[in-house]
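Peer 1: This is start_28.cif (mmCIF, C-alpha atoms).
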```
data_model
#
loop_
_atom_site.group_PDB
_atom_site.id
_atom_site.type_symbol
_atom_site.label_atom_id
_atom_site.label_comp_id
_atom_site.auth_asym_id
_atom_site.auth_seq_id
_atom_site.Cartn_x
_atom_site.Cartn_y
_atom_site.Cartn_z
ATOM 1 C CA MET O 745 14.997 -37.880 -9.320
ATOM 2 C CA THR O 746 17.534 -36.063 -11.453
ATOM 3 C CA ASP O 747 19.933 -33.387 -10.335
ATOM 4 C CA ILE O 748 19.413 -29.843 -11.506
ATOM 5 C CA ASN O 749 21.742 -28.694 -14.254
ATOM 6 C CA TRP O 750 22.548 -25.327 -12.656
ATOM 7 C CA PRO O 751 24.336 -23.700 -15.609
ATOM 8 C CA GLU O 752 21.504 -24.664 -17.972
ATOM 9 C CA ALA O 753 18.819 -23.495 -15.521
ATOM 10 C CA PHE O 754 20.659 -20.219 -14.963
ATOM 11 C CA ALA O 755 20.987 -19.642 -18.717
ATOM 12 C CA TYR O 756 17.308 -20.462 -19.307
ATOM 13 C CA TYR O 757 15.945 -18.130 -16.618
ATOM 14 C CA SER O 758 18.373 -15.375 -17.541
ATOM 15 C CA ALA O 759 17.151 -15.544 -21.128
ATOM 16 C CA ARG O 760 13.489 -15.479 -19.973
ATOM 17 C CA LEU O 761 14.188 -12.440 -17.785
ATOM 18 C CA ALA O 762 15.951 -10.701 -20.657
ATOM 19 C CA ASP O 763 12.946 -11.410 -22.913
ATOM 20 C CA MET O 764 10.567 -9.824 -20.395
ATOM 21 C CA TRP O 765 12.885 -6.899 -19.551
ATOM 22 C CA PRO O 766 11.528 -4.347 -22.092
ATOM 23 C CA GLY O 767 7.953 -4.881 -20.921
ATOM 24 C CA LYS O 768 8.919 -4.603 -17.270
ATOM 25 C CA VAL O 769 10.885 -1.425 -17.943
ATOM 26 C CA ALA O 770 7.922 0.058 -19.825
ATOM 27 C CA VAL O 771 5.483 -0.731 -16.999
ATOM 28 C CA GLY O 772 7.913 0.601 -14.378
ATOM 29 C CA THR O 773 8.467 3.776 -16.353
ATOM 30 C CA ALA O 774 4.726 4.296 -16.799
ATOM 31 C CA LEU O 775 4.071 3.823 -13.070
ATOM 32 C CA SER O 776 6.936 6.127 -12.108
ATOM 33 C CA SER O 777 5.710 8.792 -14.538
ATOM 34 C CA LEU O 778 2.182 8.496 -13.171
ATOM 35 C CA CYS O 779 3.478 8.883 -9.618
ATOM 36 C CA LEU O 780 5.455 11.964 -10.632
ATOM 37 C CA LEU O 781 2.467 13.439 -12.436
ATOM 38 C CA LEU O 782 0.165 12.874 -9.448
ATOM 39 C CA GLY O 783 2.704 14.098 -6.884
ATOM 40 C CA MET O 784 3.142 10.738 -5.140
ATOM 41 C CA ASP O 785 6.284 9.197 -3.717
ATOM 42 C CA GLU O 786 6.916 6.247 -6.012
ATOM 43 C CA VAL O 787 8.679 4.136 -3.381
ATOM 44 C CA LEU O 788 5.644 4.468 -1.122
ATOM 45 C CA PHE O 789 3.425 3.542 -4.067
ATOM 46 C CA TYR O 790 5.419 0.365 -4.754
ATOM 47 C CA VAL O 791 5.411 -0.543 -1.052
ATOM 48 C CA LEU O 792 1.640 0.020 -1.032
ATOM 49 C CA LEU O 793 1.220 -2.365 -3.975
ATOM 50 C CA ALA O 794 3.417 -4.945 -2.229
ATOM 51 C CA THR O 795 1.527 -4.753 1.074
ATOM 52 C CA LEU O 796 -1.815 -4.823 -0.724
ATOM 53 C CA THR O 797 -0.735 -7.946 -2.608
ATOM 54 C CA GLY O 798 0.576 -9.515 0.608
ATOM 55 C CA GLU O 799 -2.734 -8.786 2.291
ATOM 56 C CA MET O 800 -4.637 -10.401 -0.557
ATOM 57 C CA LEU O 801 -2.423 -13.508 -0.525
ATOM 58 C CA THR O 802 -2.707 -13.969 3.230
ATOM 59 C CA ARG O 803 -6.482 -13.411 3.016
ATOM 60 C CA ILE O 804 -6.688 -16.171 0.388
ATOM 61 C CA ALA O 805 -4.588 -18.466 2.601
ATOM 62 C CA VAL O 806 -6.968 -17.866 5.517
ATOM 63 C CA HIS O 807 -9.948 -18.630 3.283
ATOM 64 C CA CYS O 808 -8.303 -21.883 2.180
ATOM 65 C CA LYS O 809 -7.523 -22.844 5.791
ATOM 66 C CA ARG O 810 -11.126 -22.220 6.819
ATOM 67 C CA ASN O 811 -12.434 -24.103 3.757
ATOM 68 C CA LYS O 812 -14.211 -21.010 2.504
ATOM 69 C CA SER O 813 -14.644 -20.060 -1.117
ATOM 70 C CA LEU O 814 -11.425 -18.944 -2.780
ATOM 71 C CA CYS O 815 -13.444 -16.674 -5.073
ATOM 72 C CA ARG O 816 -14.668 -14.716 -2.053
ATOM 73 C CA GLY O 817 -11.093 -14.087 -0.922
ATOM 74 C CA LEU O 818 -10.149 -12.929 -4.426
ATOM 75 C CA GLN O 819 -13.254 -10.752 -4.590
ATOM 76 C CA HIS O 820 -12.311 -8.934 -1.378
ATOM 77 C CA GLY O 821 -8.726 -8.494 -2.552
ATOM 78 C CA LEU O 822 -9.673 -7.118 -5.956
ATOM 79 C CA ALA O 823 -12.238 -4.782 -4.419
ATOM 80 C CA ARG O 824 -9.466 -3.396 -2.200
ATOM 81 C CA TYR O 825 -7.278 -2.658 -5.220
ATOM 82 C CA ILE O 826 -10.124 -0.733 -6.855
ATOM 83 C CA CYS O 827 -11.041 1.170 -3.682
ATOM 84 C CA TYR O 828 -7.425 2.057 -2.940
ATOM 85 C CA GLY O 829 -7.070 3.413 -6.467
ATOM 86 C CA LEU O 830 -10.168 5.558 -6.049
ATOM 87 C CA PHE O 831 -9.062 6.726 -2.595
ATOM 88 C CA LEU O 832 -5.651 7.686 -3.966
ATOM 89 C CA LEU O 833 -7.253 9.683 -6.779
ATOM 90 C CA MET O 834 -9.401 11.503 -4.217
ATOM 91 C CA ALA O 835 -6.316 12.218 -2.096
ATOM 92 C CA VAL O 836 -4.523 13.572 -5.186
ATOM 93 C CA ALA O 837 -7.509 15.840 -5.893
ATOM 94 C CA VAL O 838 -7.524 17.097 -2.287
ATOM 95 C CA GLN O 839 -3.766 17.672 -2.364
ATOM 96 C CA MET O 840 -3.962 19.633 -5.622
ATOM 97 C CA ALA O 841 -6.964 21.656 -4.445
ATOM 98 C CA PHE O 842 -5.256 22.471 -1.158
ATOM 99 C CA GLN O 843 -2.084 23.505 -2.923
ATOM 100 C CA ARG O 844 -3.969 25.788 -5.315
ATOM 101 C CA ALA O 845 -6.177 27.281 -2.598
ATOM 102 C CA VAL O 846 -3.532 27.898 0.051
ATOM 103 C CA GLY O 847 -0.365 27.867 -2.012
ATOM 104 C CA VAL O 848 1.347 25.396 0.292
ATOM 105 C CA GLY O 849 2.052 21.834 -0.720
ATOM 106 C CA LEU O 850 1.260 19.202 1.886
ATOM 107 C CA PRO O 851 2.133 15.519 1.346
ATOM 108 C CA ILE O 852 -1.495 14.414 1.718
ATOM 109 C CA VAL O 853 -1.157 11.537 -0.746
ATOM 110 C CA ASP O 854 2.045 10.264 0.860
ATOM 111 C CA ILE O 855 0.523 10.362 4.347
ATOM 112 C CA PHE O 856 -2.552 8.561 3.056
ATOM 113 C CA MET O 857 -0.422 5.896 1.358
ATOM 114 C CA ALA O 858 1.551 5.392 4.589
ATOM 115 C CA TYR O 859 -1.729 4.958 6.451
ATOM 116 C CA LEU O 860 -2.934 2.376 3.894
ATOM 117 C CA ILE O 861 0.389 0.524 4.127
ATOM 118 C CA LEU O 862 0.151 0.311 7.912
ATOM 119 C CA THR O 863 -3.485 -0.782 7.675
ATOM 120 C CA ASP O 864 -2.526 -3.576 5.280
ATOM 121 C CA CYS O 865 0.418 -4.580 7.479
ATOM 122 C CA ALA O 866 -1.940 -4.850 10.445
ATOM 123 C CA SER O 867 -4.279 -6.969 8.331
ATOM 124 C CA VAL O 868 -1.419 -9.227 7.196
ATOM 125 C CA ILE O 869 -0.319 -9.685 10.821
ATOM 126 C CA GLY O 870 -3.888 -10.634 11.744
ATOM 127 C CA HIS O 871 -4.052 -13.145 8.891
ATOM 128 C CA LEU O 872 -0.678 -14.630 9.870
ATOM 129 C CA TYR O 873 -1.948 -15.028 13.441
ATOM 130 C CA VAL O 874 -5.059 -16.860 12.157
ATOM 131 C CA LEU O 875 -2.829 -19.114 10.061
ATOM 132 C CA GLY O 876 -0.894 -20.053 13.208
ATOM 133 C CA ILE O 877 2.331 -18.308 12.261
ATOM 134 C CA PRO O 878 3.986 -16.711 15.291
ATOM 135 C CA VAL O 879 4.248 -12.940 14.925
ATOM 136 C CA PRO O 880 6.895 -11.186 17.035
ATOM 137 C CA GLY O 881 5.490 -8.734 19.572
ATOM 138 C CA ILE O 882 7.831 -5.980 18.379
ATOM 139 C CA LEU O 883 6.333 -6.213 14.896
ATOM 140 C CA LYS O 884 2.819 -5.856 16.291
ATOM 141 C CA THR O 885 3.947 -2.852 18.340
ATOM 142 C CA LEU O 886 5.643 -1.184 15.361
ATOM 143 C CA VAL O 887 2.597 -1.508 13.111
ATOM 144 C CA VAL O 888 0.084 -0.363 15.723
ATOM 145 C CA GLY O 889 2.379 2.445 16.915
ATOM 146 C CA GLY O 890 3.080 3.625 13.366
ATOM 147 C CA ARG O 891 -0.604 3.718 12.569
ATOM 148 C CA ARG O 892 -1.320 5.730 15.732
ATOM 149 C CA ARG O 893 1.471 8.219 14.901
ATOM 150 C CA ILE O 894 0.054 8.795 11.422
ATOM 151 C CA GLU O 895 -3.472 9.240 12.793
ATOM 152 C CA HIS O 896 -2.114 11.700 15.373
ATOM 153 C CA ALA O 897 -0.188 13.658 12.704
ATOM 154 C CA VAL O 898 -3.311 13.887 10.550
ATOM 155 C CA ARG O 899 -5.423 15.044 13.506
ATOM 156 C CA GLU O 900 -2.874 17.745 14.330
ATOM 157 C CA ALA O 901 -2.614 18.886 10.709
ATOM 158 C CA VAL O 902 -6.395 19.124 10.402
ATOM 159 C CA HIS O 903 -6.688 20.862 13.772
ATOM 160 C CA ASP O 904 -3.927 23.351 12.868
ATOM 161 C CA ASP O 905 -5.644 24.015 9.543
ATOM 162 C CA GLU O 906 -8.999 24.579 11.276
ATOM 163 C CA VAL O 907 -7.398 26.933 13.809
ATOM 164 C CA GLY O 908 -5.619 28.824 11.003
ATOM 165 C CA THR O 909 -8.884 29.115 9.061
ATOM 166 C CA GLN O 910 -10.685 30.461 12.112
ATOM 167 C CA HIS O 911 -7.987 33.093 12.652
ATOM 168 C CA ARG O 912 -8.129 34.179 9.017
ATOM 169 C CA GLU O 913 -11.905 34.537 9.068
ATOM 170 C CA ARG O 914 -11.877 36.918 12.021
ATOM 171 C CA PRO O 915 -11.236 40.552 11.070
#
```
Please, can you express the file's structure as structure tokens?

Peer 2:
Amino acid sequence: MTDINWPEAFAYYSARLADMWPGKVAVGTALSSLCLLLGMDEVLFYVLLATLTGEMLTRIAVHCKRNKSLCRGLQHGLARYICYGLFLLMAVAVQMAFQRAVGVGLPIVDIFMAYLILTDCASVIGHLYVLGIPVPGILKTLVVGGRRRIEHAVREAVHDDEVGTQHRERP
């Protein structure tokens, strides 16, 4: 076994990163512009992509542990990416329609992304548990509690909107 030549390795990987930099900047700029155009918080969007990818990787690991088909794990993960994209587009449409109809901007897309993030975090925790990795109780509590708070906030917002609509309809 030979020792790693650290200066040479550092120079090599720095050069590779520099070669890929323009493409990464272009993709990042395109995603940030899309988020701005659609009225989404870009940090939440990136966190959503990270949790979705983490969920897919842990799902694949569970499939490997259970000796199930790896293609099935990939199929479920890719289907989630597509569905999340469609759900986000629907949330954008609802947010824009609500803003045009009422004249008030609500962060519908951001709330929905937070809900998807917490759902994926709960799924990752479940997969880690199946894999035999100890998950701290506080982490379980934070994910479940965060999901409940978002669901409660959505219920209140919808209920307040329904109550406001009922008051406006009455002469």

Peer 1: Which distance in Å separates CA of Arg892 in chain O and CA of Ser867 in chain O, to one decimal?

Peer 2: 15.0 Å

Peer 1: Just the number, please: distance in Å from CA of Thr795 in chain O to CA of Val898 in chain O, one decimal.

Peer 2: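 So the answer is 21.5 Å.
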
Peer 1: Can you pull out the residues contacting range 868-883 of chain O? Cut-off 8 Å, using all atoms listed in the file, and skip same-chain residues under 4 positions away; I want them as a short mmCIF file (atom, residue, chain, number, x, y, z; two decimals) with C-alpha atoms, keeping the file's coordinate frame.

Peer 2:
```cif
data_model
loop_
_atom_site.label_atom_id
_atom_site.label_comp_id
_atom_site.auth_asym_id
_atom_site.auth_seq_id
_atom_site.Cartn_x
_atom_site.Cartn_y
_atom_site.Cartn_z
CA GLY O 798 0.58 -9.52 0.61
CA GLU O 799 -2.73 -8.79 2.29
CA THR O 802 -2.71 -13.97 3.23
CA ARG O 803 -6.48 -13.41 3.02
CA ALA O 805 -4.59 -18.47 2.60
CA VAL O 806 -6.97 -17.87 5.52
CA LYS O 809 -7.52 -22.84 5.79
CA ASP O 864 -2.53 -3.58 5.28
CA VAL O 887 2.60 -1.51 13.11
#
```

Peer 1: I'd like to know which of O:Val848, O:Ala837, O:Ala762, O:Leu860 is closest to Tyr825 in chain O, using all atoms listed in the file.

Peer 2: O:Leu860

Peer 1: Find the distance between CA of Ser777 in chain O and CA of Val836 in chain O and write it in Å to one decimal.

Peer 2: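 Going from CA of Ser777 in chain O over to CA of Val836 in chain O, I get 14.7 Å.
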
Peer 1: Within 7 Å of range 812-824 of chain O, counting only C-alpha atoms, which residues show up once you throw out same-chain ones fewer than 4 positions away? Write them as JSON, numbers by chain, please.

Peer 2: {"O": [800, 803, 804, 807, 808, 828]}

Peer 1: For Cys779 in chain O, which residue among O:Leu862, O:Val853, O:Arg893, O:Gln843 is the nearest when counting all atoms listed in the file?

Peer 2: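 Nearest candidate to Cys779 in chain O out of O:Leu862, O:Val853, O:Arg893, O:Gln843: O:Val853.
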